[in-house]
$ cat start-v1.pdb   # PDB, C-alpha atoms
MODEL        1
ATOM      1  CA  MET A  19      57.607  16.086  41.293
ATOM      2  CA  THR A  20      61.203  15.722  42.471
ATOM      3  CA  TYR A  21      63.225  13.170  40.564
ATOM      4  CA  ASN A  22      65.693  11.374  42.830
ATOM      5  CA  PRO A  23      65.977   7.813  41.504
ATOM      6  CA  LYS A  24      68.933   6.866  43.709
ATOM      7  CA  ALA A  25      67.125   7.744  46.929
ATOM      8  CA  ALA A  26      63.942   6.061  45.705
ATOM      9  CA  PHE A  27      65.864   2.909  44.783
ATOM     10  CA  ASN A  28      67.640   2.811  48.130
ATOM     11  CA  ALA A  29      64.315   3.017  49.962
ATOM     12  CA  ILE A  30      62.859  -0.065  48.238
ATOM     13  CA  GLU A  31      63.090  -3.327  50.188
ATOM     14  CA  ALA A  32      62.916  -6.889  48.892
ATOM     15  CA  GLY A  33      59.632  -8.546  49.805
ATOM     16  CA  PHE A  34      57.615  -5.338  49.552
ATOM     17  CA  GLU A  35      54.198  -6.048  48.084
ATOM     18  CA  ILE A  36      52.244  -3.741  45.789
ATOM     19  CA  THR A  37      48.614  -4.779  45.463
ATOM     20  CA  GLY A  38      46.751  -3.229  42.550
ATOM     21  CA  ARG A  39      43.108  -2.332  42.362
ATOM     22  CA  ALA A  40      40.657  -5.151  41.711
ATOM     23  CA  PHE A  41      39.143  -5.425  38.247
ATOM     24  CA  THR A  42      35.763  -7.077  37.595
ATOM     25  CA  VAL A  43      35.093  -8.493  34.143
ATOM     26  CA  SER A  44      31.797  -7.811  32.404
ATOM     27  CA  ARG A  45      30.602  -7.798  28.807
ATOM     28  CA  GLU A  46      31.085  -4.029  28.944
ATOM     29  CA  THR A  47      34.741  -4.239  30.038
ATOM     30  CA  ILE A  48      35.358  -6.859  27.344
ATOM     31  CA  ALA A  49      33.714  -4.672  24.687
ATOM     32  CA  ASP A  50      35.817  -1.705  25.837
ATOM     33  CA  PHE A  51      39.014  -3.730  25.777
ATOM     34  CA  ALA A  52      38.162  -5.084  22.323
ATOM     35  CA  LEU A  53      37.762  -1.578  20.902
ATOM     36  CA  GLY A  54      40.870  -0.354  22.735
ATOM     37  CA  SER A  55      42.987  -3.239  21.520
ATOM     38  CA  LEU A  56      41.209  -3.859  18.180
ATOM     39  CA  ASP A  57      41.118  -7.523  19.230
ATOM     40  CA  PHE A  58      37.641  -8.728  18.213
ATOM     41  CA  ASN A  59      38.330 -12.450  18.555
ATOM     42  CA  PRO A  60      34.987 -14.278  19.065
ATOM     43  CA  LEU A  61      36.510 -15.985  22.139
ATOM     44  CA  HIS A  62      35.540 -12.808  23.961
ATOM     45  CA  PHE A  63      31.981 -12.269  22.613
ATOM     46  CA  ASP A  64      30.289 -15.239  21.050
ATOM     47  CA  ASP A  65      28.536 -17.602  23.499
ATOM     48  CA  ASN A  66      27.631 -20.106  20.777
ATOM     49  CA  TYR A  67      31.175 -20.181  19.467
ATOM     50  CA  MET A  68      32.481 -20.915  22.965
ATOM     51  CA  ASP A  69      30.251 -23.996  23.189
ATOM     52  CA  GLY A  70      32.314 -25.450  20.356
ATOM     53  CA  ASP A  71      35.314 -27.694  20.320
ATOM     54  CA  PHE A  72      38.790 -26.170  20.604
ATOM     55  CA  GLY A  73      40.604 -29.467  20.386
ATOM     56  CA  LYS A  74      42.486 -29.995  23.629
ATOM     57  CA  THR A  75      41.302 -26.706  25.105
ATOM     58  CA  GLN A  76      37.764 -26.249  26.440
ATOM     59  CA  PHE A  77      36.063 -23.166  27.845
ATOM     60  CA  ASP A  78      33.025 -22.550  30.051
ATOM     61  CA  GLY A  79      31.957 -19.403  28.216
ATOM     62  CA  VAL A  80      33.410 -16.231  26.768
ATOM     63  CA  ILE A  81      36.738 -15.270  28.297
ATOM     64  CA  MET A  82      38.500 -12.021  29.148
ATOM     65  CA  HIS A  83      41.280 -10.917  26.797
ATOM     66  CA  GLY A  84      44.538 -12.316  28.198
ATOM     67  CA  MET A  85      46.134  -8.951  27.614
ATOM     68  CA  GLN A  86      43.718  -7.372  30.097
ATOM     69  CA  ASN A  87      46.002  -9.001  32.675
ATOM     70  CA  PHE A  88      48.870  -7.070  31.135
ATOM     71  CA  ALA A  89      46.882  -3.852  31.411
ATOM     72  CA  VAL A  90      46.027  -4.257  35.109
ATOM     73  CA  ILE A  91      49.623  -5.192  35.956
ATOM     74  CA  THR A  92      51.016  -2.255  33.989
ATOM     75  CA  ARG A  93      48.586   0.089  35.736
ATOM     76  CA  THR A  94      49.717  -1.210  39.119
ATOM     77  CA  LEU A  95      53.406  -0.884  38.339
ATOM     78  CA  THR A  96      53.221   2.510  36.647
ATOM     79  CA  ASP A  97      51.085   4.039  39.408
ATOM     80  CA  TRP A  98      53.685   2.923  41.971
ATOM     81  CA  LEU A  99      56.793   3.693  39.935
ATOM     82  CA  LEU A 100      55.721   7.112  38.719
ATOM     83  CA  GLU A 101      55.993   8.832  42.093
ATOM     84  CA  ARG A 102      59.392   7.174  42.683
ATOM     85  CA  GLY A 103      60.969   8.002  39.339
ATOM     86  CA  GLY A 104      61.142   4.352  38.278
ATOM     87  CA  TYR A 105      60.722   3.251  34.673
ATOM     88  CA  HIS A 106      58.743   0.130  33.781
ATOM     89  CA  ARG A 107      61.257  -1.791  31.671
ATOM     90  CA  ARG A 108      59.852  -5.247  31.190
ATOM     91  CA  LEU A 109      56.862  -7.494  31.791
ATOM     92  CA  GLU A 110      56.552 -11.217  31.144
ATOM     93  CA  THR A 111      53.454 -13.170  32.083
ATOM     94  CA  ARG A 112      51.817 -16.463  31.287
ATOM     95  CA  TRP A 113      48.066 -16.928  31.522
ATOM     96  CA  LEU A 114      47.411 -19.948  33.718
ATOM     97  CA  THR A 115      43.642 -20.193  33.580
ATOM     98  CA  PRO A 116      40.901 -18.298  31.717
ATOM     99  CA  VAL A 117      39.085 -15.389  33.347
ATOM    100  CA  TYR A 118      35.296 -15.439  32.890
ATOM    101  CA  LEU A 119      32.439 -12.921  33.070
ATOM    102  CA  GLY A 120      31.828 -11.860  36.675
ATOM    103  CA  ASP A 121      35.307 -12.791  37.829
ATOM    104  CA  THR A 122      37.259 -10.214  39.814
ATOM    105  CA  ILE A 123      41.016 -10.222  39.334
ATOM    106  CA  THR A 124      43.606  -8.516  41.524
ATOM    107  CA  PRO A 125      47.232  -7.966  40.481
ATOM    108  CA  LYS A 126      50.132  -8.073  42.916
ATOM    109  CA  ALA A 127      53.779  -7.196  42.385
ATOM    110  CA  THR A 128      56.350  -8.293  44.976
ATOM    111  CA  VAL A 129      59.867  -6.921  45.014
ATOM    112  CA  GLN A 130      62.016  -9.990  44.375
ATOM    113  CA  ARG A 131      65.444  -8.373  44.364
ATOM    114  CA  LYS A 132      67.382  -5.192  43.633
ATOM    115  CA  LEU A 133      70.509  -5.044  41.542
ATOM    116  CA  GLU A 134      72.995  -2.313  40.659
ATOM    117  CA  THR A 135      74.868  -2.657  37.368
ATOM    118  CA  ASP A 136      77.716  -0.545  35.975
ATOM    119  CA  GLY A 137      75.250   1.864  34.456
ATOM    120  CA  SER A 138      72.031   1.739  36.422
ATOM    121  CA  ARG A 139      69.747   0.410  39.161
ATOM    122  CA  TRP A 140      67.184  -2.345  38.694
ATOM    123  CA  VAL A 141      64.285  -3.810  40.616
ATOM    124  CA  VAL A 142      62.858  -7.221  39.719
ATOM    125  CA  PHE A 143      59.275  -8.038  40.694
ATOM    126  CA  ASP A 144      57.366 -11.300  40.963
ATOM    127  CA  ILE A 145      53.952 -10.803  39.392
ATOM    128  CA  GLU A 146      50.738 -12.593  40.267
ATOM    129  CA  VAL A 147      47.128 -12.035  39.259
ATOM    130  CA  VAL A 148      44.532 -13.921  41.308
ATOM    131  CA  ASN A 149      40.757 -14.221  40.926
ATOM    132  CA  GLN A 150      38.097 -13.909  43.635
ATOM    133  CA  LYS A 151      38.542 -17.579  44.545
ATOM    134  CA  GLY A 152      42.242 -17.085  45.186
ATOM    135  CA  VAL A 153      43.169 -19.001  42.039
ATOM    136  CA  MET A 154      46.201 -17.609  40.243
ATOM    137  CA  VAL A 155      45.194 -16.671  36.676
ATOM    138  CA  ALA A 156      48.488 -15.131  35.552
ATOM    139  CA  ARG A 157      52.049 -15.294  36.780
ATOM    140  CA  GLY A 158      55.300 -13.744  35.663
ATOM    141  CA  ASP A 159      57.908 -11.159  36.444
ATOM    142  CA  ALA A 160      58.652  -7.548  35.732
ATOM    143  CA  MET A 161      61.617  -5.217  35.836
ATOM    144  CA  ALA A 162      61.926  -1.516  36.588
ATOM    145  CA  GLU A 163      64.913   0.793  36.174
ATOM    146  CA  PHE A 164      65.873   3.708  38.428
ATOM    147  CA  ALA A 165      68.260   5.468  36.058
ATOM    148  CA  ASP A 166      70.062   8.766  36.633
ATOM    149  CA  VAL A 167      68.662   9.963  33.297
ATOM    150  CA  PHE A 168      65.005   9.116  32.761
ATOM    151  CA  PRO A 169      64.550   6.990  29.619
ATOM    152  CA  GLY A 170      63.233   8.974  26.691
ATOM    153  CA  ALA A 171      62.817  12.178  28.693
ATOM    154  CA  PRO A 172      62.518  15.275  26.501
ATOM    155  CA  ALA A 173      65.866  17.023  25.964
TER     156      ALA A 173
ATOM    157  CA  MET B  13      50.497   8.616   7.120
ATOM    158  CA  THR B  14      47.616   6.813   8.810
ATOM    159  CA  VAL B  15      46.336   8.460  11.968
ATOM    160  CA  LEU B  16      45.109   5.752  14.336
ATOM    161  CA  LYS B  17      41.324   5.903  14.760
ATOM    162  CA  LEU B  18      39.967   2.868  16.566
ATOM    163  CA  GLU B  19      36.447   3.120  15.153
ATOM    164  CA  GLU B  20      37.685   2.757  11.576
ATOM    165  CA  TYR B  21      38.920  -0.832  11.937
ATOM    166  CA  GLU B  22      36.988  -3.939  10.926
ATOM    167  CA  ASN B  23      35.493  -5.589  14.013
ATOM    168  CA  ASP B  24      34.343  -8.840  12.368
ATOM    169  CA  PHE B  25      37.224 -11.307  12.571
ATOM    170  CA  TRP B  26      35.283 -13.820  10.442
ATOM    171  CA  LYS B  27      35.520 -11.493   7.452
ATOM    172  CA  ASP B  28      38.212 -12.695   5.020
ATOM    173  CA  VAL B  29      39.000 -15.560   7.399
ATOM    174  CA  ASP B  30      39.979 -17.804   4.495
ATOM    175  CA  ASN B  31      42.691 -15.375   3.408
ATOM    176  CA  ARG B  32      44.651 -15.752   6.646
ATOM    177  CA  LYS B  33      47.597 -18.070   7.039
ATOM    178  CA  THR B  34      46.907 -21.266   8.939
ATOM    179  CA  TRP B  35      49.470 -22.839  11.270
ATOM    180  CA  ASP B  36      50.655 -24.979   8.353
ATOM    181  CA  GLN B  37      51.248 -21.885   6.215
ATOM    182  CA  ILE B  38      53.083 -19.793   8.826
ATOM    183  CA  ILE B  39      56.779 -19.590   7.954
ATOM    184  CA  PRO B  40      59.014 -18.695  10.913
ATOM    185  CA  GLY B  41      61.169 -15.712   9.992
ATOM    186  CA  GLU B  42      58.834 -14.422   7.300
ATOM    187  CA  LEU B  43      57.894 -10.770   7.810
ATOM    188  CA  ARG B  44      54.223  -9.945   8.351
ATOM    189  CA  ASP B  45      52.735  -7.163   6.205
ATOM    190  CA  THR B  46      52.540  -4.001   8.282
ATOM    191  CA  LYS B  47      51.903  -0.294   7.873
ATOM    192  CA  PRO B  48      52.899   2.583  10.175
ATOM    193  CA  VAL B  49      50.297   4.423  12.245
ATOM    194  CA  THR B  50      50.430   7.817  13.944
ATOM    195  CA  LEU B  51      49.263   8.310  17.533
ATOM    196  CA  THR B  52      47.253  11.317  18.656
ATOM    197  CA  ALA B  53      46.705  12.530  22.217
ATOM    198  CA  GLU B  54      43.046  11.634  21.704
ATOM    199  CA  VAL B  55      43.653   8.004  20.787
ATOM    200  CA  ILE B  56      46.185   7.570  23.614
ATOM    201  CA  ALA B  57      43.604   8.827  26.135
ATOM    202  CA  GLN B  58      40.921   6.644  24.552
ATOM    203  CA  PHE B  59      43.128   3.536  24.614
ATOM    204  CA  ALA B  60      44.039   4.057  28.274
ATOM    205  CA  ARG B  61      40.395   4.545  29.242
ATOM    206  CA  LEU B  62      39.201   1.463  27.311
ATOM    207  CA  ILE B  63      41.779  -0.864  28.870
ATOM    208  CA  GLY B  64      40.918   0.475  32.344
ATOM    209  CA  ASP B  65      43.966   2.641  33.069
ATOM    210  CA  ASP B  66      43.027   6.011  34.552
ATOM    211  CA  ASN B  67      46.510   7.345  35.335
ATOM    212  CA  PRO B  68      46.468  11.070  34.379
ATOM    213  CA  LEU B  69      49.877  10.554  32.745
ATOM    214  CA  TYR B  70      47.938   9.399  29.690
ATOM    215  CA  HIS B  71      45.387  12.217  29.380
ATOM    216  CA  ASP B  72      46.371  15.246  31.511
ATOM    217  CA  GLU B  73      49.179  17.255  29.920
ATOM    218  CA  ALA B  74      49.534  19.647  32.886
ATOM    219  CA  PHE B  75      50.021  16.696  35.253
ATOM    220  CA  ALA B  76      52.240  14.780  32.849
ATOM    221  CA  ARG B  77      54.579  17.773  32.604
ATOM    222  CA  THR B  78      55.269  17.528  36.331
ATOM    223  CA  THR B  79      56.501  13.922  35.948
ATOM    224  CA  PRO B  80      59.906  12.712  34.729
ATOM    225  CA  TYR B  81      58.229  11.951  31.372
ATOM    226  CA  GLY B  82      57.797  15.695  30.760
ATOM    227  CA  GLY B  83      54.475  15.279  28.973
ATOM    228  CA  ILE B  84      51.745  12.846  27.992
ATOM    229  CA  ILE B  85      52.945   9.399  26.965
ATOM    230  CA  ALA B  86      51.155   6.305  25.730
ATOM    231  CA  PRO B  87      50.809   3.468  28.267
ATOM    232  CA  PRO B  88      53.614   0.907  27.876
ATOM    233  CA  SER B  89      50.914  -1.575  26.873
ATOM    234  CA  ILE B  90      50.150   0.476  23.737
ATOM    235  CA  HIS B  91      51.739  -2.419  21.802
ATOM    236  CA  ILE B  92      48.502  -4.340  22.436
ATOM    237  CA  VAL B  93      46.597  -2.139  20.001
ATOM    238  CA  LEU B  94      49.548  -1.356  17.741
ATOM    239  CA  MET B  95      49.838  -5.001  16.678
ATOM    240  CA  PHE B  96      46.314  -4.946  15.256
ATOM    241  CA  ALA B  97      46.498  -1.326  14.093
ATOM    242  CA  CYS B  98      49.665  -1.925  12.047
ATOM    243  CA  THR B  99      48.477  -5.159  10.417
ATOM    244  CA  GLY B 100      45.713  -5.791   7.917
ATOM    245  CA  ILE B 101      42.586  -7.889   7.999
ATOM    246  CA  GLU B 102      44.467 -10.806   6.427
ATOM    247  CA  ASP B 103      46.986 -11.013   9.308
ATOM    248  CA  TRP B 104      46.929 -14.407  11.049
ATOM    249  CA  MET B 105      46.755 -12.990  14.560
ATOM    250  CA  ARG B 106      43.110 -12.151  13.717
ATOM    251  CA  SER B 107      42.183 -15.797  13.139
ATOM    252  CA  PRO B 108      39.133 -16.591  15.313
ATOM    253  CA  GLY B 109      40.053 -19.017  18.060
ATOM    254  CA  THR B 110      43.627 -17.773  18.423
ATOM    255  CA  ILE B 111      44.375 -18.420  22.107
ATOM    256  CA  ASN B 112      46.906 -16.146  23.800
ATOM    257  CA  CYS B 113      49.032 -18.078  26.323
ATOM    258  CA  GLY B 114      51.390 -15.378  27.476
ATOM    259  CA  GLN B 115      53.628 -12.536  26.366
ATOM    260  CA  SER B 116      56.910 -10.900  27.282
ATOM    261  CA  TRP B 117      57.697  -7.271  26.462
ATOM    262  CA  SER B 118      60.689  -5.017  26.891
ATOM    263  CA  TYR B 119      60.090  -1.259  27.027
ATOM    264  CA  ASN B 120      62.799   1.112  25.804
ATOM    265  CA  ILE B 121      61.352   4.614  25.583
ATOM    266  CA  PRO B 122      57.716   5.742  25.700
ATOM    267  CA  ALA B 123      55.560   6.507  22.668
ATOM    268  CA  ARG B 124      54.153  10.021  22.620
ATOM    269  CA  PRO B 125      51.379  11.943  20.847
ATOM    270  CA  GLY B 126      52.430  12.630  17.271
ATOM    271  CA  ASP B 127      54.725   9.619  17.047
ATOM    272  CA  THR B 128      54.494   7.510  13.898
ATOM    273  CA  LEU B 129      55.128   3.901  14.839
ATOM    274  CA  THR B 130      56.351   1.147  12.568
ATOM    275  CA  MET B 131      55.966  -2.538  13.344
ATOM    276  CA  ARG B 132      58.316  -5.302  12.341
ATOM    277  CA  GLY B 133      56.703  -8.652  13.008
ATOM    278  CA  THR B 134      57.490 -12.287  12.347
ATOM    279  CA  ALA B 135      56.682 -15.726  13.573
ATOM    280  CA  LEU B 136      59.796 -16.736  15.454
ATOM    281  CA  ASP B 137      58.916 -20.399  15.853
ATOM    282  CA  LYS B 138      56.098 -22.914  15.554
ATOM    283  CA  PHE B 139      55.756 -26.254  17.284
ATOM    284  CA  ILE B 140      53.345 -28.928  18.509
ATOM    285  CA  LYS B 141      52.985 -29.544  22.230
ATOM    286  CA  LYS B 142      50.381 -31.748  23.933
ATOM    287  CA  ASP B 143      48.608 -32.006  20.541
ATOM    288  CA  ARG B 144      48.226 -28.238  20.329
ATOM    289  CA  LEU B 145      49.558 -26.099  17.467
ATOM    290  CA  PHE B 146      51.697 -23.278  18.857
ATOM    291  CA  ALA B 147      53.266 -20.240  17.238
ATOM    292  CA  ILE B 148      55.595 -17.706  18.808
ATOM    293  CA  HIS B 149      55.379 -14.262  17.270
ATOM    294  CA  GLU B 150      57.921 -11.521  17.738
ATOM    295  CA  ASN B 151      57.228  -7.816  17.232
ATOM    296  CA  ALA B 152      59.306  -4.646  17.398
ATOM    297  CA  PHE B 153      57.937  -1.107  17.291
ATOM    298  CA  THR B 154      60.040   1.912  16.345
ATOM    299  CA  ASN B 155      59.193   5.601  16.106
ATOM    300  CA  GLN B 156      59.788   8.102  13.309
ATOM    301  CA  LEU B 157      63.392   8.575  14.489
ATOM    302  CA  ASP B 158      64.022   4.807  14.302
ATOM    303  CA  GLN B 159      64.203   4.686  18.102
ATOM    304  CA  VAL B 160      62.945   1.450  19.603
ATOM    305  CA  ILE B 161      59.743   1.892  21.609
ATOM    306  CA  CYS B 162      59.262  -1.717  22.624
ATOM    307  CA  THR B 163      59.937  -5.286  21.576
ATOM    308  CA  GLY B 164      58.157  -8.418  22.582
ATOM    309  CA  ARG B 165      56.946 -11.863  21.832
ATOM    310  CA  GLY B 166      53.823 -13.851  22.414
ATOM    311  CA  TRP B 167      52.861 -17.511  22.598
ATOM    312  CA  THR B 168      49.571 -18.431  20.914
ATOM    313  CA  ILE B 169      47.710 -21.670  20.248
ATOM    314  CA  ARG B 170      46.573 -21.641  16.630
ATOM    315  CA  PRO B 171      43.054 -22.730  15.686
ATOM    316  CA  VAL B 172      42.903 -26.159  14.032
TER     317      VAL B 172
ENDMDL
END

$ encode --input "start-v1.pdb" --output "structure tokens"
Amino acid sequence: MTYNPKAAFNAIEAGFEITGRAFTVSRETIADFALGSLDFNPLHFDDNYMDGDFGKTQFDGVIMHGMQNFAVITRTLTDWLLERGGYHRRLETRWLTPVYLGDTITPKATVQRKLETDGSRWVVFDIEVVNQKGVMVARGDAMAEFADVFPGAPA
Amino acid sequence: MTVLKLEEYENDFWKDVDNRKTWDQIIPGELRDTKPVTLTAEVIAQFARLIGDDNPLYHDEAFARTTPYGGIIAPPSIHIVLMFACTGIEDWMRSPGTINCGQSWSYNIPARPGDTLTMRGTALDKFIKKDRLFAIHENAFTNQLDQVICTGRGWTIRPV
């Protein structure tokens, strides 16, 4: 794999959209994510618990781990950046609405702007995750760097 | 040195629930108790598979060597598991009913197989908004050379 971050950066245009693979939530994906993350919060497993009262917040059943959104966004960005020599520098997202069993979520990253600083090259992305009904479940932004020296590369 | 093995962690968050700090007891700025863990190639591949990330960068050394990373790395999102792996059963992020509202993370250099990662974690702030009890936690992970892997913060609603 040839590493030419300057050429890759120059080829990126604002407005370009990267749509990630869809992800469908099931009890199996939740169980896998729980073991992977060690997050065994009953919000994700216990149907009886989810019938209860959470004060001002109510749910219609067990919910996907919020951080599963992070995982599908990271997958989308890394898959795209890897072949271009970009480094995933930052991700910020808010969860807007819960994701339930049977829902299918799709992440999308849109190039918002490019910026060159004294020392490097940066791409800022708008991030959205939508469910099968077109409802946005997570929103945020991300940043990638196209540096001359790849961050943390072995000496 | 504790080598991270996912199957060895307690999976019942109700256990010892009364020993965890409630929102009232959380003191912003106070350090959470943490212990370092060491990553193996096996647990990196397992983590990536379980969160649904099949990029060969995380399990195929021959492929990973052809990339600018020069070898297998952990997914950037490895901090998801590290927060629970580096804290004990009494840590308040395990309180049942903790609702995650969003997170922001900055990635410095990747974690690699063999790295021993140390977590520094605090509550940065706590507040009440629309009758909900919020806490903001802030975590930093460093490797055995004291290099920063990643830093981030999360917004959670605390159970009443």

$ resolve_selection --input "start-v1.pdb" --expression "the ChimeraX specification (/A :<7) & /B" --output "NGL selection string"
:B and (18 or 23-25 or 59 or 62-63 or 65 or 67 or 78-82 or 89 or 92-93 or 96 or 106 or 108-109 or 112-122 or 144)

$ residues_around --input "start-v1.pdb" --residues "region 122-132 of chain A" --least-positions-apart "2" --cutoff "9 Å" --atoms "all atoms listed in the file" --output "ChimeraX atom specification"
/A:27,30-43,87,90-91,94-95,117-120,134,139-151,155-156,159-160

$ residues_around --input "start-v1.pdb" --residues "Ala74 (chain B)" --least-positions-apart "6" --cutoff "10 Å" --atoms "only C-alpha atoms" --output "PDB file with C-alpha atoms, in the coordinates of the input"
ATOM      1  CA  PRO B  68      46.468  11.070  34.379  1.00  0.00           C
ATOM      2  CA  GLY B  82      57.797  15.695  30.760  1.00  0.00           C
ATOM      3  CA  GLY B  83      54.475  15.279  28.973  1.00  0.00           C
ATOM      4  CA  ILE B  84      51.745  12.846  27.992  1.00  0.00           C
TER       5      ILE B  84
END

$ atom_distance --input "start-v1.pdb" --atom1 "CA of Pro87 (chain B)" --atom2 "CA of Val15 (chain B)"
17.6 Å

$ axis_aligned_box --input "start-v1.pdb" --around "region 142-146 of chain B" --padding-each-side "8 Å" --output "lines of an AutoDock Vina configuration file"
center_x = 50.0
center_y = -27.6
center_z = 20.7
size_x = 19.5
size_y = 24.7
size_z = 22.5

$ atom_distance --input "start-v1.pdb" --atom1 "CA of Leu51 (chain B)" --atom2 "CA of Thr99 (chain B)"
15.3 Å

$ closest_residue --input "start-v1.pdb" --among "A:Asp78, A:Asp121, A:Asp69, A:Glu163" --to "Ser44 (chain A)" --atoms "all atoms listed in the file"
A:Asp121

$ atom_distance --input "start-v1.pdb" --atom1 "CA of Lys138 (chain B)" --atom2 "CA of Gly41 (chain B)"
10.4 Å

$ resolve_selection --input "start-v1.pdb" --expression "the PyMOL selection byres ((chain B and resi 153) around 12)" --output "PDB file with C-alpha atoms, in the coordinates of the input"
ATOM      1  CA  THR B  46      52.540  -4.001   8.282  1.00  0.00           C
ATOM      2  CA  LYS B  47      51.903  -0.294   7.873  1.00  0.00           C
ATOM      3  CA  PRO B  48      52.899   2.583  10.175  1.00  0.00           C
ATOM      4  CA  VAL B  49      50.297   4.423  12.245  1.00  0.00           C
ATOM      5  CA  PRO B  88      53.614   0.907  27.876  1.00  0.00           C
ATOM      6  CA  SER B  89      50.914  -1.575  26.873  1.00  0.00           C
ATOM      7  CA  ILE B  90      50.150   0.476  23.737  1.00  0.00           C
ATOM      8  CA  HIS B  91      51.739  -2.419  21.802  1.00  0.00           C
ATOM      9  CA  ILE B  92      48.502  -4.340  22.436  1.00  0.00           C
ATOM     10  CA  VAL B  93      46.597  -2.139  20.001  1.00  0.00           C
ATOM     11  CA  LEU B  94      49.548  -1.356  17.741  1.00  0.00           C
ATOM     12  CA  MET B  95      49.838  -5.001  16.678  1.00  0.00           C
ATOM     13  CA  ALA B  97      46.498  -1.326  14.093  1.00  0.00           C
ATOM     14  CA  CYS B  98      49.665  -1.925  12.047  1.00  0.00           C
ATOM     15  CA  TRP B 117      57.697  -7.271  26.462  1.00  0.00           C
ATOM     16  CA  SER B 118      60.689  -5.017  26.891  1.00  0.00           C
ATOM     17  CA  TYR B 119      60.090  -1.259  27.027  1.00  0.00           C
ATOM     18  CA  ASN B 120      62.799   1.112  25.804  1.00  0.00           C
ATOM     19  CA  ILE B 121      61.352   4.614  25.583  1.00  0.00           C
ATOM     20  CA  PRO B 122      57.716   5.742  25.700  1.00  0.00           C
ATOM     21  CA  ALA B 123      55.560   6.507  22.668  1.00  0.00           C
ATOM     22  CA  ASP B 127      54.725   9.619  17.047  1.00  0.00           C
ATOM     23  CA  THR B 128      54.494   7.510  13.898  1.00  0.00           C
ATOM     24  CA  LEU B 129      55.128   3.901  14.839  1.00  0.00           C
ATOM     25  CA  THR B 130      56.351   1.147  12.568  1.00  0.00           C
ATOM     26  CA  MET B 131      55.966  -2.538  13.344  1.00  0.00           C
ATOM     27  CA  ARG B 132      58.316  -5.302  12.341  1.00  0.00           C
ATOM     28  CA  GLY B 133      56.703  -8.652  13.008  1.00  0.00           C
ATOM     29  CA  GLU B 150      57.921 -11.521  17.738  1.00  0.00           C
ATOM     30  CA  ASN B 151      57.228  -7.816  17.232  1.00  0.00           C
ATOM     31  CA  ALA B 152      59.306  -4.646  17.398  1.00  0.00           C
ATOM     32  CA  THR B 154      60.040   1.912  16.345  1.00  0.00           C
ATOM     33  CA  ASN B 155      59.193   5.601  16.106  1.00  0.00           C
ATOM     34  CA  GLN B 156      59.788   8.102  13.309  1.00  0.00           C
ATOM     35  CA  LEU B 157      63.392   8.575  14.489  1.00  0.00           C
ATOM     36  CA  ASP B 158      64.022   4.807  14.302  1.00  0.00           C
ATOM     37  CA  GLN B 159      64.203   4.686  18.102  1.00  0.00           C
ATOM     38  CA  VAL B 160      62.945   1.450  19.603  1.00  0.00           C
ATOM     39  CA  ILE B 161      59.743   1.892  21.609  1.00  0.00           C
ATOM     40  CA  CYS B 162      59.262  -1.717  22.624  1.00  0.00           C
ATOM     41  CA  THR B 163      59.937  -5.286  21.576  1.00  0.00           C
ATOM     42  CA  GLY B 164      58.157  -8.418  22.582  1.00  0.00           C
ATOM     43  CA  ARG B 165      56.946 -11.863  21.832  1.00  0.00           C
TER      44      ARG B 165
END

$ residues_around --input "start-v1.pdb" --residues "region 32-35 of chain B" --least-positions-apart "2" --cutoff "9 Å" --atoms "all atoms listed in the file" --output "list in words"
Asp28, Val29, Asp30, Gln37, Ile38, Ile39, Ile101, Glu102, Asp103, Trp104, Met105, Arg106, Ser107, Lys138, Leu145, Phe146, Ala147, Arg170, Pro171 and Val172 of chain B

$ closest_residue --input "start-v1.pdb" --among "B:Asp72, B:Gly100, B:Gly64, B:Lys17" --to "Asp45 (chain B)" --atoms "all atoms listed in the file"
B:Gly100

$ decode --input "start-v1.pdb" --residues "region 92-114 of chain A" --atoms "C-alpha atoms" --output "mmCIF file, in the first residue's frame"
data_model
loop_
_atom_site.group_PDB
_atom_site.id
_atom_site.type_symbol
_atom_site.label_atom_id
_atom_site.label_comp_id
_atom_site.auth_asym_id
_atom_site.auth_seq_id
_atom_site.Cartn_x
_atom_site.Cartn_y
_atom_site.Cartn_z
ATOM 1 C CA THR A 92 -15.443 4.012 13.362
ATOM 2 C CA ARG A 93 -15.676 1.031 11.016
ATOM 3 C CA THR A 94 -16.956 3.279 8.238
ATOM 4 C CA LEU A 95 -14.266 5.898 8.718
ATOM 5 C CA THR A 96 -11.358 3.498 9.158
ATOM 6 C CA ASP A 97 -12.318 1.399 6.125
ATOM 7 C CA TRP A 98 -12.338 4.571 3.998
ATOM 8 C CA LEU A 99 -9.299 6.248 5.530
ATOM 9 C CA LEU A 100 -7.044 3.209 5.548
ATOM 10 C CA GLU A 101 -6.596 3.031 1.782
ATOM 11 C CA ARG A 102 -5.958 6.803 1.663
ATOM 12 C CA GLY A 103 -3.411 6.995 4.462
ATOM 13 C CA GLY A 104 -5.708 9.048 6.696
ATOM 14 C CA TYR A 105 -5.718 8.710 10.474
ATOM 15 C CA HIS A 106 -8.965 8.770 12.450
ATOM 16 C CA ARG A 107 -8.260 11.511 14.992
ATOM 17 C CA ARG A 108 -11.532 12.295 16.675
ATOM 18 C CA LEU A 109 -15.176 11.307 16.991
ATOM 19 C CA GLU A 110 -17.939 13.090 18.879
ATOM 20 C CA THR A 111 -21.528 11.908 18.780
ATOM 21 C CA ARG A 112 -24.725 12.357 20.713
ATOM 22 C CA TRP A 113 -27.394 9.672 20.794
ATOM 23 C CA LEU A 114 -30.678 11.276 19.785
#
